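coords-v3.cif (mmCIF, C-alpha atoms)
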data_final
#
loop_
_atom_site.label_atom_id
_atom_site.label_comp_id
_atom_site.auth_asym_id
_atom_site.auth_seq_id
_atom_site.Cartn_x
_atom_site.Cartn_y
_atom_site.Cartn_z
CA MET N 832 -67.03 -17.97 -8.90
CA PHE N 833 -63.48 -18.56 -10.10
CA VAL N 834 -63.02 -22.02 -11.63
CA PRO N 835 -59.42 -22.77 -12.59
CA ASP N 836 -58.61 -24.40 -15.91
CA VAL N 837 -55.19 -25.36 -14.59
CA SER N 838 -53.43 -25.25 -11.23
CA VAL N 839 -49.77 -24.60 -10.53
CA ILE N 840 -48.01 -25.66 -7.32
CA LEU N 841 -45.22 -23.28 -6.24
CA PRO N 842 -43.34 -24.68 -3.21
CA CYS N 843 -41.73 -21.79 -1.32
CA ALA N 844 -41.32 -23.32 2.13
CA GLY N 845 -37.71 -24.50 1.77
CA PHE N 846 -34.89 -22.91 3.72
CA GLY N 847 -32.43 -22.84 0.80
CA THR N 848 -29.44 -23.63 3.02
CA ARG N 849 -27.17 -24.17 -0.01
CA PHE N 850 -27.92 -20.65 -1.24
CA SER N 851 -26.22 -19.11 1.83
CA ALA N 852 -27.82 -15.66 1.67
CA PRO N 853 -29.78 -13.62 4.24
CA TYR N 854 -32.84 -13.51 1.97
CA PRO N 855 -34.94 -16.16 0.20
CA LYS N 856 -33.19 -17.57 -2.86
CA GLU N 857 -36.21 -16.87 -5.05
CA LEU N 858 -35.90 -13.13 -4.31
CA HIS N 859 -32.32 -12.96 -5.60
CA CYS N 860 -32.12 -10.03 -8.04
CA LEU N 861 -31.17 -10.87 -11.63
CA ALA N 862 -31.81 -7.41 -13.11
CA PRO N 863 -33.36 -4.16 -11.85
CA GLY N 864 -36.85 -5.10 -10.63
CA VAL N 865 -36.51 -8.73 -11.75
CA THR N 866 -35.94 -11.63 -9.35
CA VAL N 867 -35.42 -15.35 -9.81
CA LEU N 868 -39.08 -15.78 -8.81
CA ASP N 869 -40.21 -13.48 -11.62
CA ARG N 870 -38.23 -15.51 -14.12
CA SER N 871 -39.51 -18.84 -12.79
CA LEU N 872 -43.10 -17.58 -13.08
CA GLU N 873 -42.79 -16.42 -16.70
CA ALA N 874 -44.25 -19.70 -17.95
CA VAL N 875 -47.15 -19.40 -15.49
CA VAL N 876 -47.85 -15.83 -16.61
CA ASN N 877 -47.89 -17.13 -20.17
CA LEU N 878 -50.64 -19.60 -19.21
CA ALA N 879 -52.80 -16.68 -18.08
CA LYS N 880 -51.98 -14.70 -21.23
CA SER N 881 -53.13 -17.67 -23.31
CA GLY N 882 -56.61 -17.24 -21.84
CA LEU N 883 -56.54 -19.95 -19.18
CA ASN N 884 -57.85 -19.38 -15.67
CA VAL N 885 -54.79 -20.15 -13.53
CA ARG N 886 -54.74 -20.96 -9.83
CA LEU N 887 -51.31 -20.64 -8.23
CA VAL N 888 -51.07 -22.65 -5.00
CA VAL N 889 -48.16 -21.27 -2.98
CA VAL N 890 -46.77 -23.42 -0.17
CA PHE N 891 -44.92 -21.29 2.37
CA GLY N 892 -43.46 -21.27 5.86
CA ALA N 893 -43.28 -18.62 8.56
CA HIS N 894 -39.79 -17.63 7.35
CA LYS N 895 -41.06 -16.78 3.84
CA MET N 896 -43.30 -13.78 4.50
CA ASP N 897 -41.09 -11.62 2.26
CA THR N 898 -41.88 -13.98 -0.61
CA VAL N 899 -45.59 -13.89 0.19
CA ARG N 900 -45.54 -10.09 0.12
CA TYR N 901 -43.57 -10.05 -3.13
CA LEU N 902 -46.15 -12.24 -4.85
CA ALA N 903 -48.77 -9.50 -4.39
CA ARG N 904 -47.59 -8.09 -7.72
CA TYR N 905 -49.26 -11.08 -9.42
CA ALA N 906 -52.66 -10.65 -7.76
CA GLU N 907 -54.25 -9.41 -10.99
CA THR N 908 -52.59 -12.05 -13.19
CA PHE N 909 -53.89 -15.26 -11.63
CA GLN N 910 -55.70 -16.47 -8.55
CA MET N 911 -53.36 -17.23 -5.66
CA VAL N 912 -54.01 -19.60 -2.78
CA PHE N 913 -51.54 -19.81 0.11
CA VAL N 914 -51.01 -23.01 2.07
CA TYR N 915 -48.84 -23.15 5.18
CA GLN N 916 -46.43 -26.09 5.36
CA ASN N 917 -45.76 -27.36 8.85
CA GLU N 918 -42.28 -28.84 8.53
CA SER N 919 -42.79 -31.17 11.51
CA PHE N 920 -45.87 -32.69 9.84
CA GLU N 921 -45.06 -32.49 6.13
CA PRO N 922 -41.28 -32.19 5.71
CA GLY N 923 -39.51 -31.90 2.39
CA LEU N 924 -40.56 -31.01 -1.13
CA ASP N 925 -42.84 -34.02 -1.40
CA GLY N 926 -44.64 -32.79 1.72
CA ALA N 927 -45.03 -29.33 0.21
CA ILE N 928 -46.64 -30.81 -2.89
CA ARG N 929 -48.91 -32.99 -0.76
CA SER N 930 -49.96 -29.91 1.23
CA ALA N 931 -50.95 -28.10 -1.96
CA LEU N 932 -52.85 -30.86 -3.77
CA PRO N 933 -56.22 -30.41 -1.98
CA MET N 934 -56.35 -26.85 -3.35
CA THR N 935 -55.73 -27.83 -6.98
CA GLN N 936 -58.25 -28.38 -9.76
CA GLY N 937 -57.75 -29.41 -13.35
CA PRO N 938 -54.35 -30.38 -14.77
CA VAL N 939 -51.59 -29.55 -12.31
CA ALA N 940 -48.08 -28.23 -12.93
CA LEU N 941 -45.16 -28.21 -10.52
CA VAL N 942 -43.01 -25.08 -10.83
CA LEU N 943 -40.06 -24.55 -8.50
CA PRO N 944 -39.29 -20.95 -7.48
CA ASP N 945 -35.52 -21.35 -7.91
CA ILE N 946 -35.58 -23.05 -11.32
CA VAL N 947 -35.58 -20.86 -14.41
CA VAL N 948 -36.16 -22.07 -17.96
CA SER N 949 -33.78 -20.02 -20.11
CA ASP N 950 -34.93 -20.48 -23.66
CA ALA N 951 -36.52 -18.41 -26.41
CA ASP N 952 -39.63 -20.62 -26.22
CA GLY N 953 -39.40 -21.24 -22.48
CA ALA N 954 -42.50 -19.25 -21.59
CA GLY N 955 -44.64 -21.42 -23.87
CA SER N 956 -43.10 -24.72 -22.83
CA LEU N 957 -45.36 -25.22 -19.80
CA LEU N 958 -48.48 -24.60 -21.88
CA ALA N 959 -47.32 -27.24 -24.37
CA ALA N 960 -46.57 -29.67 -21.55
CA LEU N 961 -50.01 -29.20 -19.99
CA ARG N 962 -51.72 -29.81 -23.32
CA HIS N 963 -49.92 -33.14 -23.70
CA THR N 964 -51.19 -34.40 -20.34
CA ALA N 965 -54.62 -34.87 -21.93
CA VAL N 966 -53.08 -37.71 -23.96
CA THR N 967 -50.17 -39.05 -21.93
CA GLY N 968 -51.13 -38.11 -18.37
CA TRP N 969 -47.64 -36.72 -17.69
CA SER N 970 -45.26 -34.29 -19.36
CA VAL N 971 -42.02 -32.55 -18.44
CA VAL N 972 -40.09 -29.48 -19.51
CA ALA N 973 -36.49 -30.66 -19.58
CA ALA N 974 -32.97 -29.76 -20.68
CA GLU N 975 -30.20 -32.03 -21.90
CA GLU N 976 -27.44 -32.59 -19.36
CA ARG N 977 -24.46 -34.96 -19.27
CA ASP N 978 -22.57 -33.65 -16.24
CA PRO N 979 -22.87 -36.27 -13.47
CA GLY N 980 -22.45 -33.61 -10.79
CA VAL N 981 -25.43 -31.65 -12.08
CA LEU N 982 -27.58 -34.74 -12.54
CA ARG N 983 -26.95 -35.80 -8.93
CA GLN N 984 -28.57 -32.54 -7.76
CA MET N 985 -31.60 -32.57 -10.06
CA GLY N 986 -34.54 -34.65 -11.20
CA ALA N 987 -32.59 -36.83 -13.61
CA LEU N 988 -34.20 -38.24 -16.75
CA ALA N 989 -33.30 -40.75 -19.42
CA VAL N 990 -34.92 -39.15 -22.46
CA VAL N 991 -35.42 -41.35 -25.52
CA GLU N 992 -37.18 -41.01 -28.85
CA ALA N 993 -40.29 -43.13 -29.27
CA GLY N 994 -43.06 -42.86 -31.85
CA GLY N 995 -41.84 -39.52 -33.11
CA PHE N 996 -41.85 -37.99 -29.63
CA LEU N 997 -39.19 -37.53 -27.00
CA THR N 998 -40.29 -39.41 -23.92
CA VAL N 999 -38.94 -40.24 -20.48
CA GLY N 1000 -37.63 -43.78 -20.32
CA ALA N 1001 -36.60 -43.55 -16.67
CA ALA N 1002 -36.54 -40.90 -13.94
CA ILE N 1003 -35.12 -40.52 -10.46
CA ASP N 1004 -34.69 -37.51 -8.21
CA LYS N 1005 -31.08 -36.74 -7.27
CA PRO N 1006 -29.61 -40.12 -8.25
CA THR N 1007 -26.52 -41.43 -6.47
CA ASP N 1008 -25.47 -43.02 -9.75
CA PRO N 1009 -26.42 -40.74 -12.67
CA SER N 1010 -25.08 -43.02 -15.39
CA GLY N 1011 -27.66 -43.64 -18.09
CA PHE N 1012 -29.38 -40.28 -17.57
CA ASN N 1013 -29.07 -37.52 -20.15
CA ALA N 1014 -31.39 -34.72 -19.00
CA PHE N 1015 -33.23 -33.22 -16.04
CA TRP N 1016 -36.65 -31.67 -15.60
CA GLY N 1017 -37.41 -28.04 -14.79
CA MET N 1018 -41.22 -28.24 -14.68
CA VAL N 1019 -43.64 -31.15 -14.45
CA ALA N 1020 -47.26 -31.32 -15.62
CA ALA N 1021 -49.83 -33.97 -14.69
CA ALA N 1022 -53.41 -34.64 -15.74
CA GLU N 1023 -55.96 -34.09 -12.98
CA HIS N 1024 -56.46 -37.82 -12.42
CA GLN N 1025 -52.70 -38.33 -12.08
CA ALA N 1026 -51.90 -35.32 -9.89
CA HIS N 1027 -52.13 -37.31 -6.65
CA ARG N 1028 -48.82 -38.91 -7.65
CA LEU N 1029 -46.93 -35.61 -7.99
CA PRO N 1030 -45.23 -36.07 -4.58
CA ASP N 1031 -43.70 -39.30 -5.93
CA VAL N 1032 -41.77 -37.27 -8.51
CA VAL N 1033 -39.45 -35.99 -5.76
CA ALA N 1034 -39.92 -38.61 -3.02
CA GLU N 1035 -37.25 -41.14 -2.06
CA GLY N 1036 -37.75 -44.88 -2.33
CA VAL N 1037 -40.72 -44.85 -4.71
CA ASP N 1038 -41.05 -45.40 -8.44
CA SER N 1039 -41.25 -42.15 -10.37
CA PRO N 1040 -44.49 -41.61 -12.29
CA LEU N 1041 -42.57 -39.78 -15.01
CA ALA N 1042 -41.69 -42.90 -17.01
CA GLY N 1043 -43.50 -42.52 -20.33
CA ALA N 1044 -44.00 -38.76 -19.97
CA VAL N 1045 -43.60 -36.58 -23.04
CA ALA N 1046 -40.43 -34.48 -22.77
CA HIS N 1047 -40.44 -30.90 -24.05
CA MET N 1048 -36.77 -30.05 -24.43
CA VAL N 1049 -35.53 -26.48 -23.97
CA GLY N 1050 -32.11 -24.96 -24.41
CA SER N 1051 -31.23 -24.36 -20.78
CA ILE N 1052 -32.62 -24.70 -17.27
CA VAL N 1053 -30.81 -22.86 -14.48
CA ASN N 1054 -30.91 -23.89 -10.82
CA TYR N 1055 -30.56 -20.83 -8.56
CA ASN N 1056 -30.46 -22.84 -5.35
CA THR N 1057 -26.77 -21.99 -5.11
CA PRO N 1058 -25.09 -18.58 -5.54
CA GLU N 1059 -23.21 -20.01 -8.54
CA GLY N 1060 -26.55 -20.78 -10.25
#
Please, can you express the file's structure as structure tokens?
Amino acid sequence: MFVPDVSVILPCAGFGTRFSAPYPKELHCLAPGVTVLDRSLEAVVNLAKSGLNVRLVVVFGAHKMDTVRYLARYAETFQMVFVYQNESFEPGLDGAIRSALPMTQGPVALVLPDIVVSDADGAGSLLAALRHTAVTGWSVVAAEERDPGVLRQMGALAVVEAGGFLTVGAAIDKPTDPSGFNAFWGMVAAAEHQAHRLPDVVAEGVDSPLAGAVAHMVGSIVNYNTPEG
């Protein structure tokens, strides 16, 4: 029986209206045989290469069957579980995460299919983040950002140094006023006992659980939700 050491939630049920293409944004080709989805999953593949048993929980909708078929190439890399998201019952990204949580076990990471960590050590950043959850409960893979326009579209963070570590002092998803924030997250990791609060990371009108999380800073995180990404 397969028992996962870690679980990864991959929400693929969004419509990607800002991307404005006739195919899912995560299947956008970056190089011959390489899509945005392949790049976003590099850190998850690295978890499996490190020896961990990885369960990937994919949340999808009826319009994402091309993505489901594409993921077959990872069938030998990690266990995949597919959860259908009914938009009328569980709308939004927080609903996608909530749909996936019953299928997770162990520490849980949130990886978005249109977000790519572009860094020499990017593949190992998620593994480092997951290891820190044993101590802090929460950890993020983040990149420095000062552009208010970018911060308004992302999970904004105020990263500060405390006790020799970089930690999250404050966090809010897509802030109207991004002043005071200096980074944004690309991946989030939570200890098993904290994972039930993962939807609050992206939900509106609730306090983010990321305050106090260890921040693993990388050189660049690219959002491919728009053609310019």
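Once the PyMOL selection byres ((chain N and resi 1018) around 7) is applied to the depicted file, the selected set reads N:Leu941, N:Val942, N:Val971, N:Val972, N:Trp1016, N:Gly1017, N:Val1019, N:Ala1020.
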Selected residues written out, C-alpha atoms, as a PDB file, in the coordinates of the input:
ATOM      1  CA  LEU N 941     -45.160 -28.210 -10.520  1.00  0.00           C
ATOM      2  CA  VAL N 942     -43.010 -25.080 -10.830  1.00  0.00           C
ATOM      3  CA  VAL N 971     -42.020 -32.550 -18.440  1.00  0.00           C
ATOM      4  CA  VAL N 972     -40.090 -29.480 -19.510  1.00  0.00           C
ATOM      5  CA  TRP N1016     -36.650 -31.670 -15.600  1.00  0.00           C
ATOM      6  CA  GLY N1017     -37.410 -28.040 -14.790  1.00  0.00           C
ATOM      7  CA  VAL N1019     -43.640 -31.150 -14.450  1.00  0.00           C
ATOM      8  CA  ALA N1020     -47.260 -31.320 -15.620  1.00  0.00           C
TER       9      ALA N1020
END
Test item: residues at most 7 Å from region 871-875 of chain N, all atoms listed in the file, excluding those fewer than 2 positions along its chain, as a ChimeraX atom specification: /N:867-869,877-879,944-948,953-955,957
Write a file of the selected residues as a PDB file, keeping the file's coordinate frame, keeping C-alpha atoms.
ATOM      1  CA  VAL N 867     -35.420 -15.350  -9.810  1.00  0.00           C
ATOM      2  CA  LEU N 868     -39.080 -15.780  -8.810  1.00  0.00           C
ATOM      3  CA  ASP N 869     -40.210 -13.480 -11.620  1.00  0.00           C
ATOM      4  CA  ASN N 877     -47.890 -17.130 -20.170  1.00  0.00           C
ATOM      5  CA  LEU N 878     -50.640 -19.600 -19.210  1.00  0.00           C
ATOM      6  CA  ALA N 879     -52.800 -16.680 -18.080  1.00  0.00           C
ATOM      7  CA  PRO N 944     -39.290 -20.950  -7.480  1.00  0.00           C
ATOM      8  CA  ASP N 945     -35.520 -21.350  -7.910  1.00  0.00           C
ATOM      9  CA  ILE N 946     -35.580 -23.050 -11.320  1.00  0.00           C
ATOM     10  CA  VAL N 947     -35.580 -20.860 -14.410  1.00  0.00           C
ATOM     11  CA  VAL N 948     -36.160 -22.070 -17.960  1.00  0.00           C
ATOM     12  CA  GLY N 953     -39.400 -21.240 -22.480  1.00  0.00           C
ATOM     13  CA  ALA N 954     -42.500 -19.250 -21.590  1.00  0.00           C
ATOM     14  CA  GLY N 955     -44.640 -21.420 -23.870  1.00  0.00           C
ATOM     15  CA  LEU N 957     -45.360 -25.220 -19.800  1.00  0.00           C
TER      16      LEU N 957
END
Could you list, as JSON, numbers by chain, every residue within 10 Å of region 841-846 of chain N, counting all atoms listed in the file and ignoring same-chain residues fewer than 6 positions away? {"N": [854, 855, 856, 857, 868, 871, 872, 887, 888, 889, 890, 891, 892, 893, 894, 895, 898, 899, 913, 914, 915, 916, 917, 918, 922, 923, 924, 925, 926, 927, 928, 930, 931, 940, 941, 942, 943, 944, 945]}
Select, from N:Ala1034, N:Ala903, N:Val876, N:Met985, the residue with the minimum atom-to-atom distance to Ala973 (chain N), counting all atoms listed in the file.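 Smallest distance to Ala973 (chain N) is found for N:Met985.
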I'd like to see the residues matched by the PyMOL selection byres ((chain N and resi 988-1004) around 6) on this file, and ideally I'd get them as a PDB file with C-alpha atoms, keeping the file's coordinate frame.
ATOM      1  CA  GLY N 986     -34.540 -34.650 -11.200  1.00  0.00           C
ATOM      2  CA  ALA N 987     -32.590 -36.830 -13.610  1.00  0.00           C
ATOM      3  CA  LYS N1005     -31.080 -36.740  -7.270  1.00  0.00           C
ATOM      4  CA  PRO N1006     -29.610 -40.120  -8.250  1.00  0.00           C
ATOM      5  CA  PHE N1012     -29.380 -40.280 -17.570  1.00  0.00           C
ATOM      6  CA  ASN N1013     -29.070 -37.520 -20.150  1.00  0.00           C
ATOM      7  CA  ALA N1014     -31.390 -34.720 -19.000  1.00  0.00           C
ATOM      8  CA  PHE N1015     -33.230 -33.220 -16.040  1.00  0.00           C
ATOM      9  CA  VAL N1033     -39.450 -35.990  -5.760  1.00  0.00           C
ATOM     10  CA  ALA N1042     -41.690 -42.900 -17.010  1.00  0.00           C
ATOM     11  CA  GLY N1043     -43.500 -42.520 -20.330  1.00  0.00           C
ATOM     12  CA  ALA N1044     -44.000 -38.760 -19.970  1.00  0.00           C
ATOM     13  CA  VAL N1045     -43.600 -36.580 -23.040  1.00  0.00           C
ATOM     14  CA  ALA N1046     -40.430 -34.480 -22.770  1.00  0.00           C
TER      15      ALA N1046
END
How many Å separate CA of Val1032 (chain N) from CA of Asn884 (chain N)? 25.1 Å
